[in-house]
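Participant: File name upload26.cif; file contents mmCIF, C-alpha atoms, pLDDT in the B column; chains and numbers go by the auth columns; full text below.
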```cif
data_coords
loop_
_atom_site.group_PDB
_atom_site.id
_atom_site.type_symbol
_atom_site.label_atom_id
_atom_site.label_comp_id
_atom_site.label_asym_id
_atom_site.label_seq_id
_atom_site.Cartn_x
_atom_site.Cartn_y
_atom_site.Cartn_z
_atom_site.B_iso_or_equiv
_atom_site.auth_seq_id
_atom_site.auth_asym_id
ATOM 1 C CA MET A 1 0.000 0.000 0.000 44.00 1 A
ATOM 2 C CA ASP A 2 1.268 3.467 -0.760 48.00 2 A
ATOM 3 C CA GLN A 3 1.298 6.220 1.822 51.00 3 A
ATOM 4 C CA ALA A 4 -1.787 7.929 0.422 74.00 4 A
ATOM 5 C CA LEU A 5 -4.279 6.706 3.051 87.00 5 A
ATOM 6 C CA TYR A 6 -1.920 7.306 5.980 90.00 6 A
ATOM 7 C CA ASP A 7 -1.094 10.775 4.668 90.00 7 A
ATOM 8 C CA HIS A 8 -4.736 11.630 3.889 89.00 8 A
ATOM 9 C CA LEU A 9 -5.645 10.753 7.451 91.00 9 A
ATOM 10 C CA GLY A 10 -3.070 13.238 8.740 91.00 10 A
ATOM 11 C CA GLY A 11 -0.072 11.037 9.504 91.00 11 A
ATOM 12 C CA ARG A 12 1.275 10.019 12.891 91.00 12 A
ATOM 13 C CA ASP A 13 -0.293 12.888 14.845 93.00 13 A
ATOM 14 C CA ALA A 14 -3.760 12.072 13.538 94.00 14 A
ATOM 15 C CA ILE A 15 -3.329 8.341 14.139 94.00 15 A
ATOM 16 C CA THR A 16 -2.228 9.083 17.722 95.00 16 A
ATOM 17 C CA VAL A 17 -5.387 11.150 18.275 96.00 17 A
ATOM 18 C CA VAL A 18 -7.563 8.417 16.757 96.00 18 A
ATOM 19 C CA VAL A 19 -5.971 5.696 18.896 96.00 19 A
ATOM 20 C CA GLY A 20 -6.393 7.809 22.042 97.00 20 A
ATOM 21 C CA GLY A 21 -10.044 8.441 21.219 97.00 21 A
ATOM 22 C CA LEU A 22 -10.656 4.804 20.392 97.00 22 A
ATOM 23 C CA TYR A 23 -9.258 3.527 23.684 97.00 23 A
ATOM 24 C CA SER A 24 -11.173 6.180 25.625 97.00 24 A
ATOM 25 C CA ARG A 25 -14.367 4.890 24.064 98.00 25 A
ATOM 26 C CA LEU A 26 -13.430 1.229 24.539 97.00 26 A
ATOM 27 C CA LEU A 27 -12.619 1.755 28.211 97.00 27 A
ATOM 28 C CA ASP A 28 -16.030 3.411 28.656 97.00 28 A
ATOM 29 C CA ASP A 29 -17.822 0.501 26.950 97.00 29 A
ATOM 30 C CA GLU A 30 -19.080 -1.856 29.668 96.00 30 A
ATOM 31 C CA GLN A 31 -18.974 -4.866 27.337 94.00 31 A
ATOM 32 C CA ILE A 32 -15.420 -4.265 26.121 95.00 32 A
ATOM 33 C CA ALA A 33 -13.638 -2.560 29.035 95.00 33 A
ATOM 34 C CA PRO A 34 -13.105 -5.762 31.075 94.00 34 A
ATOM 35 C CA THR A 35 -10.854 -7.041 28.266 92.00 35 A
ATOM 36 C CA PHE A 36 -8.317 -4.380 29.247 94.00 36 A
ATOM 37 C CA ALA A 37 -8.123 -5.217 32.964 93.00 37 A
ATOM 38 C CA GLY A 38 -4.489 -5.328 34.000 92.00 38 A
ATOM 39 C CA ILE A 39 -3.229 -4.091 30.626 92.00 39 A
ATOM 40 C CA ASP A 40 -0.582 -1.361 30.375 95.00 40 A
ATOM 41 C CA MET A 41 -2.663 1.072 28.335 95.00 41 A
ATOM 42 C CA THR A 42 0.250 3.396 27.558 96.00 42 A
ATOM 43 C CA ARG A 43 2.123 0.497 25.998 93.00 43 A
ATOM 44 C CA LEU A 44 -1.007 -0.724 24.194 93.00 44 A
ATOM 45 C CA ARG A 45 -1.709 2.742 22.744 95.00 45 A
ATOM 46 C CA HIS A 46 1.871 2.872 21.471 93.00 46 A
ATOM 47 C CA HIS A 47 1.570 -0.580 19.862 91.00 47 A
ATOM 48 C CA MET A 48 -1.782 0.278 18.278 92.00 48 A
ATOM 49 C CA THR A 49 -0.422 3.554 16.912 94.00 49 A
ATOM 50 C CA LEU A 50 2.481 1.711 15.279 92.00 50 A
ATOM 51 C CA PHE A 51 0.222 -1.066 14.027 90.00 51 A
ATOM 52 C CA LEU A 52 -2.339 1.274 12.469 91.00 52 A
ATOM 53 C CA SER A 53 0.355 3.502 11.013 92.00 53 A
ATOM 54 C CA ALA A 54 2.008 0.522 9.325 89.00 54 A
ATOM 55 C CA ALA A 55 -1.303 -0.993 8.215 88.00 55 A
ATOM 56 C CA LEU A 56 -2.474 2.294 6.695 90.00 56 A
ATOM 57 C CA GLY A 57 0.616 2.828 4.603 88.00 57 A
ATOM 58 C CA SER A 58 3.287 4.601 6.631 91.00 58 A
ATOM 59 C CA ASP A 59 6.885 3.522 6.786 88.00 59 A
ATOM 60 C CA ALA A 60 6.468 2.746 10.511 84.00 60 A
ATOM 61 C CA VAL A 61 7.554 -0.730 11.536 83.00 61 A
ATOM 62 C CA TYR A 62 5.196 -2.694 13.742 83.00 62 A
ATOM 63 C CA ALA A 63 7.212 -5.322 15.600 84.00 63 A
ATOM 64 C CA GLY A 64 4.527 -6.501 18.019 82.00 64 A
ATOM 65 C CA ARG A 65 2.865 -9.872 18.159 87.00 65 A
ATOM 66 C CA ASP A 66 0.661 -10.947 15.276 83.00 66 A
ATOM 67 C CA MET A 67 -3.047 -10.288 15.775 85.00 67 A
ATOM 68 C CA ALA A 68 -4.006 -13.913 16.479 86.00 68 A
ATOM 69 C CA THR A 69 -1.372 -14.286 19.190 85.00 69 A
ATOM 70 C CA ALA A 70 -2.071 -10.869 20.714 85.00 70 A
ATOM 71 C CA HIS A 71 -5.796 -11.608 21.043 86.00 71 A
ATOM 72 C CA ALA A 72 -5.672 -15.321 21.930 84.00 72 A
ATOM 73 C CA GLY A 73 -7.344 -16.048 25.231 80.00 73 A
ATOM 74 C CA LEU A 74 -9.180 -12.720 25.383 84.00 74 A
ATOM 75 C CA GLN A 75 -12.480 -14.257 24.244 86.00 75 A
ATOM 76 C CA ILE A 76 -13.168 -11.470 21.746 91.00 76 A
ATOM 77 C CA THR A 77 -16.561 -12.103 20.157 92.00 77 A
ATOM 78 C CA ASP A 78 -17.950 -10.929 16.827 92.00 78 A
ATOM 79 C CA GLU A 79 -20.148 -8.491 18.751 94.00 79 A
ATOM 80 C CA MET A 80 -17.112 -7.040 20.528 93.00 80 A
ATOM 81 C CA PHE A 81 -15.283 -6.702 17.221 93.00 81 A
ATOM 82 C CA ASP A 82 -18.299 -4.955 15.688 95.00 82 A
ATOM 83 C CA ARG A 83 -18.611 -2.613 18.689 96.00 83 A
ATOM 84 C CA THR A 84 -14.913 -1.765 18.410 95.00 84 A
ATOM 85 C CA VAL A 85 -15.331 -0.981 14.713 96.00 85 A
ATOM 86 C CA ALA A 86 -18.330 1.228 15.546 97.00 86 A
ATOM 87 C CA HIS A 87 -16.224 3.092 18.109 97.00 87 A
ATOM 88 C CA LEU A 88 -13.433 3.500 15.558 96.00 88 A
ATOM 89 C CA VAL A 89 -15.876 4.912 13.020 97.00 89 A
ATOM 90 C CA ALA A 90 -17.254 7.355 15.611 97.00 90 A
ATOM 91 C CA VAL A 91 -13.749 8.560 16.445 97.00 91 A
ATOM 92 C CA LEU A 92 -12.821 8.940 12.770 96.00 92 A
ATOM 93 C CA GLU A 93 -16.021 10.878 12.113 96.00 93 A
ATOM 94 C CA SER A 94 -15.286 13.181 15.054 95.00 94 A
ATOM 95 C CA VAL A 95 -11.767 14.061 13.846 91.00 95 A
ATOM 96 C CA PRO A 96 -13.291 14.496 11.090 92.00 96 A
ATOM 97 C CA VAL A 97 -12.312 12.013 8.394 92.00 97 A
ATOM 98 C CA ALA A 98 -14.116 11.858 5.056 91.00 98 A
ATOM 99 C CA PRO A 99 -16.498 8.893 4.644 94.00 99 A
ATOM 100 C CA GLU A 100 -14.519 7.474 1.708 93.00 100 A
ATOM 101 C CA LEU A 101 -11.362 7.411 3.838 93.00 101 A
ATOM 102 C CA ILE A 102 -13.233 5.749 6.697 95.00 102 A
ATOM 103 C CA ALA A 103 -14.362 3.080 4.234 94.00 103 A
ATOM 104 C CA GLN A 104 -10.736 2.509 3.216 93.00 104 A
ATOM 105 C CA VAL A 105 -9.655 2.198 6.856 93.00 105 A
ATOM 106 C CA LEU A 106 -12.414 -0.338 7.506 94.00 106 A
ATOM 107 C CA ALA A 107 -11.483 -2.313 4.395 93.00 107 A
ATOM 108 C CA THR A 108 -7.932 -2.471 5.700 90.00 108 A
ATOM 109 C CA ILE A 109 -8.859 -3.832 9.131 89.00 109 A
ATOM 110 C CA ALA A 110 -11.866 -6.021 8.220 92.00 110 A
ATOM 111 C CA PRO A 111 -9.715 -9.008 7.202 92.00 111 A
ATOM 112 C CA LEU A 112 -8.292 -9.090 10.737 90.00 112 A
ATOM 113 C CA ARG A 113 -11.618 -10.271 12.187 92.00 113 A
ATOM 114 C CA SER A 114 -10.698 -13.944 11.874 91.00 114 A
ATOM 115 C CA GLU A 115 -7.410 -13.332 13.712 90.00 115 A
ATOM 116 C CA ILE A 116 -8.966 -11.305 16.531 92.00 116 A
ATOM 117 C CA VAL A 117 -12.289 -13.047 17.202 93.00 117 A
ATOM 118 C CA HIS A 118 -11.746 -16.118 19.376 84.00 118 A
ATOM 119 C CA GLY A 119 -14.752 -16.059 21.656 65.00 119 A
ATOM 120 C CA ALA A 120 -18.199 -17.516 21.345 59.00 120 A
ATOM 121 C CA ALA A 121 -21.257 -15.299 21.521 54.00 121 A
ATOM 122 C CA VAL A 122 -22.894 -15.285 24.935 47.00 122 A
#
```
Rewrite the structure of this file - the entire thing - as C-alpha cells.

Facilitator:
Amino acid sequence: MDQALYDHLGGRDAITVVVGGLYSRLLDDEQIAPTFAGIDMTRLRHHMTLFLSAALGSDAVYAGRDMATAHAGLQITDEMFDRTVAHLVAVLESVPVAPELIAQVLATIAPLRSEIVHGAAV
C-alpha cells in the first residue's frame, strides 16, 4: 500500500489522536472494558499507533505480536469486534475524516476479524 491513506488521514499525529479516542471509548464501553483489565494502556496505545500507522501505509515498523497471538485467550466475540469498529468509526467521524477514507480504513482492518475473534457469543 502506498502512503496515500496514511497521509490523507493526517499522519502520525492524527493516528495518535484516533488511537487515544478509540481507547477512551473502549474503556467506557461496559462490554469491552473488562478485556483491558491489567493491561498497560500506555504500551497498548503505542503498539496500536504503530500497528495502524504501518497498516495504513506509513513507513512505521510494527514489531509486536501478530493479531491472532495478541488476542488469543481474550475471548473477543464478533459483537465485541463490531462494537470496536463502531467506536473506531465514531472517532474517525469526530476528527473528522471523510467517509470514503473511513471506508478505506475499515477495508484495511476487516480481514483481521478472523485473527482477533476467538470467543463464542454469549

Participant: Which of these, A:Met67, A:Leu112, A:Met48, A:Ala107, has the shortest distance to Val18 (chain A) once you count all atoms listed in the file?

Facilitator: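 Comparing A:Met67, A:Leu112, A:Met48, A:Ala107 against Val18 (chain A), the winner is A:Met48.
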
Participant: Report as an MDAnalysis selection string the full result of the PyMOL selection byres ((chain A and resi 54-62) around 8) when it is applied to this structure.

Facilitator: chainID A and resid 1:7 11 47 50:53 63:64 105 108

Participant: Can you measure CA of Val117 (chain A) to CA of Ala98 (chain A) for me? One decimal in Å is fine.

Facilitator: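 A separation of 27.8 Å between them.
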
Participant: Taking into account only C-alpha atoms, which residue in the set A:Pro34, A:Pro111, A:Gly20, A:Pro96 is nearest to Ala68 (chain A)?

Facilitator: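 Smallest separation from Ala68 (chain A) among the options: A:Pro111.
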
Participant: Which of these residues is nearest to His87 (chain A), using all atoms listed in the file: A:Leu9, A:Leu27, A:Ala37, A:Ala14?

Facilitator: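 Between A:Leu9, A:Leu27, A:Ala37, A:Ala14, the residue approaching His87 (chain A) most closely is A:Leu27.
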
Participant: Could you list, as a list in words, every residue within 10 Å of Gln31 (chain A), counting only C-alpha atoms and ignoring same-chain residues fewer than 6 positions away?

Facilitator: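 Residues meeting the cut-off are Glu79, Met80 and Arg83 of chain A.
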
Participant: Could you give me the centre and size, in Å to one decimal, of an axis-aligned box around all listed atoms of region 42-53 of chain A with 4 Å added on every side, as AutoDock Vina command-line options?

Facilitator:
```
--center_x 0.1 --center_y 1.2 --center_z 19.3 --size_x 12.8 --size_y 12.6 --size_z 24.5
```

Participant: Just give me the gap between CA of Ala86 (chain A) and CA of Ala33 (chain A) in Å, one decimal is fine.

Facilitator: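 Result for CA of Ala86 (chain A) versus CA of Ala33 (chain A): 14.8 Å, one decimal.
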
Participant: What gap, in Å, lies between CA of Leu88 (chain A) and CA of Glu115 (chain A)?

Facilitator: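 Result for CA of Leu88 (chain A) versus CA of Glu115 (chain A): 18.0 Å, one decimal.
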
Participant: Show which residues sit within 10 Å of Val85 (chain A), as a JSON list (two decimals) with C-alpha atoms, keeping the file's coordinate frame. Count all atoms listed in the file, and ignore same-chain residues fewer than 5 positions away.

Facilitator:
```json
[["chain", "number", "residue", "atom", "x", "y", "z"],
["A", 22, "LEU", "CA", -10.66, 4.80, 20.39],
["A", 79, "GLU", "CA", -20.15, -8.49, 18.75],
["A", 80, "MET", "CA", -17.11, -7.04, 20.53],
["A", 90, "ALA", "CA", -17.25, 7.36, 15.61],
["A", 91, "VAL", "CA", -13.75, 8.56, 16.44],
["A", 106, "LEU", "CA", -12.41, -0.34, 7.51],
["A", 109, "ILE", "CA", -8.86, -3.83, 9.13],
["A", 110, "ALA", "CA", -11.87, -6.02, 8.22]]
```

Participant: Which of these residues is nearest to Ser114 (chain A), using all atoms listed in the file: A:His71, A:Met41, A:Leu101, A:Ile15?

Facilitator: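 Under the stated criterion, the closest residue is A:His71.
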
Participant: Hey, what's within 9 Å of Leu74 (chain A) if we count all atoms listed in the file and toss same-chain stuff fewer than 2 positions away? As a list in words, please?

Facilitator: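 The neighbour list is Thr35, Ala70, His71, Ala72, Ile76, Ile116, Val117, His118 and Gly119 of chain A.
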
Participant: Using the atoms already present, construct all heavy atoms for region 3-14 of chain A and hand them back as an mmCIF file, in the frame of the given file.

Facilitator:
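The result, written out as part-v2.cif:
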```cif
data_model
loop_
_atom_site.group_PDB
_atom_site.id
_atom_site.type_symbol
_atom_site.label_atom_id
_atom_site.label_comp_id
_atom_site.auth_asym_id
_atom_site.auth_seq_id
_atom_site.Cartn_x
_atom_site.Cartn_y
_atom_site.Cartn_z
ATOM 1 N N GLN A 3 1.549 5.402 0.640
ATOM 2 C CA GLN A 3 1.298 6.220 1.822
ATOM 3 C C GLN A 3 0.061 7.099 1.714
ATOM 4 O O GLN A 3 -0.247 7.829 2.647
ATOM 5 C CB GLN A 3 2.513 7.092 2.119
ATOM 6 C CG GLN A 3 3.572 6.355 2.895
ATOM 7 C CD GLN A 3 4.608 7.305 3.448
ATOM 8 O OE1 GLN A 3 5.476 7.726 2.719
ATOM 9 N NE2 GLN A 3 4.516 7.615 4.725
ATOM 10 N N ALA A 4 -0.669 7.013 0.632
ATOM 11 C CA ALA A 4 -1.787 7.929 0.422
ATOM 12 C C ALA A 4 -2.795 7.914 1.574
ATOM 13 O O ALA A 4 -3.162 8.971 2.083
ATOM 14 C CB ALA A 4 -2.479 7.614 -0.891
ATOM 15 N N LEU A 5 -3.262 6.756 2.007
ATOM 16 C CA LEU A 5 -4.279 6.706 3.051
ATOM 17 C C LEU A 5 -3.727 7.255 4.365
ATOM 18 O O LEU A 5 -4.361 8.094 5.006
ATOM 19 C CB LEU A 5 -4.789 5.273 3.247
ATOM 20 C CG LEU A 5 -5.887 5.094 4.298
ATOM 21 C CD1 LEU A 5 -7.062 6.027 4.053
ATOM 22 C CD2 LEU A 5 -6.336 3.645 4.328
ATOM 23 N N TYR A 6 -2.558 6.816 4.763
ATOM 24 C CA TYR A 6 -1.920 7.306 5.980
ATOM 25 C C TYR A 6 -1.779 8.825 5.933
ATOM 26 O O TYR A 6 -2.137 9.523 6.883
ATOM 27 C CB TYR A 6 -0.560 6.627 6.133
ATOM 28 C CG TYR A 6 0.273 7.096 7.292
ATOM 29 C CD1 TYR A 6 -0.004 6.674 8.586
ATOM 30 C CD2 TYR A 6 1.354 7.944 7.100
ATOM 31 C CE1 TYR A 6 0.769 7.088 9.659
ATOM 32 C CE2 TYR A 6 2.133 8.363 8.164
ATOM 33 C CZ TYR A 6 1.835 7.937 9.447
ATOM 34 O OH TYR A 6 2.609 8.347 10.499
ATOM 35 N N ASP A 7 -1.281 9.331 4.823
ATOM 36 C CA ASP A 7 -1.094 10.775 4.668
ATOM 37 C C ASP A 7 -2.426 11.522 4.647
ATOM 38 O O ASP A 7 -2.554 12.578 5.269
ATOM 39 C CB ASP A 7 -0.302 11.088 3.398
ATOM 40 C CG ASP A 7 1.148 10.658 3.508
ATOM 41 O OD1 ASP A 7 1.656 10.523 4.649
ATOM 42 O OD2 ASP A 7 1.778 10.435 2.451
ATOM 43 N N HIS A 8 -3.427 10.976 3.949
ATOM 44 C CA HIS A 8 -4.736 11.630 3.889
ATOM 45 C C HIS A 8 -5.404 11.703 5.258
ATOM 46 O O HIS A 8 -6.171 12.620 5.532
ATOM 47 C CB HIS A 8 -5.669 10.923 2.907
ATOM 48 C CG HIS A 8 -5.350 11.194 1.475
ATOM 49 N ND1 HIS A 8 -5.273 12.460 0.944
ATOM 50 C CD2 HIS A 8 -5.071 10.352 0.461
ATOM 51 C CE1 HIS A 8 -4.960 12.389 -0.332
ATOM 52 N NE2 HIS A 8 -4.827 11.117 -0.648
ATOM 53 N N LEU A 9 -5.084 10.745 6.103
ATOM 54 C CA LEU A 9 -5.645 10.753 7.451
ATOM 55 C C LEU A 9 -4.956 11.768 8.355
ATOM 56 O O LEU A 9 -5.464 12.100 9.415
ATOM 57 C CB LEU A 9 -5.559 9.359 8.074
ATOM 58 C CG LEU A 9 -6.476 8.319 7.440
ATOM 59 C CD1 LEU A 9 -6.135 6.934 7.967
ATOM 60 C CD2 LEU A 9 -7.938 8.649 7.684
ATOM 61 N N GLY A 10 -3.779 12.231 7.959
ATOM 62 C CA GLY A 10 -3.070 13.238 8.740
ATOM 63 C C GLY A 10 -1.787 12.749 9.382
ATOM 64 O O GLY A 10 -1.213 13.437 10.226
ATOM 65 N N GLY A 11 -1.345 11.543 9.014
ATOM 66 C CA GLY A 11 -0.072 11.037 9.504
ATOM 67 C C GLY A 11 -0.093 10.624 10.959
ATOM 68 O O GLY A 11 -1.145 10.389 11.563
ATOM 69 N N ARG A 12 1.087 10.542 11.532
ATOM 70 C CA ARG A 12 1.275 10.019 12.891
ATOM 71 C C ARG A 12 0.474 10.795 13.942
ATOM 72 O O ARG A 12 -0.127 10.180 14.831
ATOM 73 C CB ARG A 12 2.769 10.054 13.248
ATOM 74 C CG ARG A 12 3.073 9.688 14.674
ATOM 75 C CD ARG A 12 3.683 8.374 14.792
ATOM 76 N NE ARG A 12 3.981 8.081 16.189
ATOM 77 C CZ ARG A 12 4.420 6.937 16.580
ATOM 78 N NH1 ARG A 12 4.626 5.992 15.708
ATOM 79 N NH2 ARG A 12 4.667 6.709 17.835
ATOM 80 N N ASP A 13 0.452 12.106 13.853
ATOM 81 C CA ASP A 13 -0.293 12.888 14.845
ATOM 82 C C ASP A 13 -1.771 12.534 14.831
ATOM 83 O O ASP A 13 -2.390 12.360 15.890
ATOM 84 C CB ASP A 13 -0.105 14.385 14.616
ATOM 85 C CG ASP A 13 1.299 14.860 14.933
ATOM 86 O OD1 ASP A 13 2.039 14.133 15.644
ATOM 87 O OD2 ASP A 13 1.674 15.951 14.472
ATOM 88 N N ALA A 14 -2.340 12.411 13.647
ATOM 89 C CA ALA A 14 -3.760 12.072 13.538
ATOM 90 C C ALA A 14 -4.023 10.655 14.030
ATOM 91 O O ALA A 14 -5.019 10.413 14.737
ATOM 92 C CB ALA A 14 -4.230 12.230 12.100
#
```
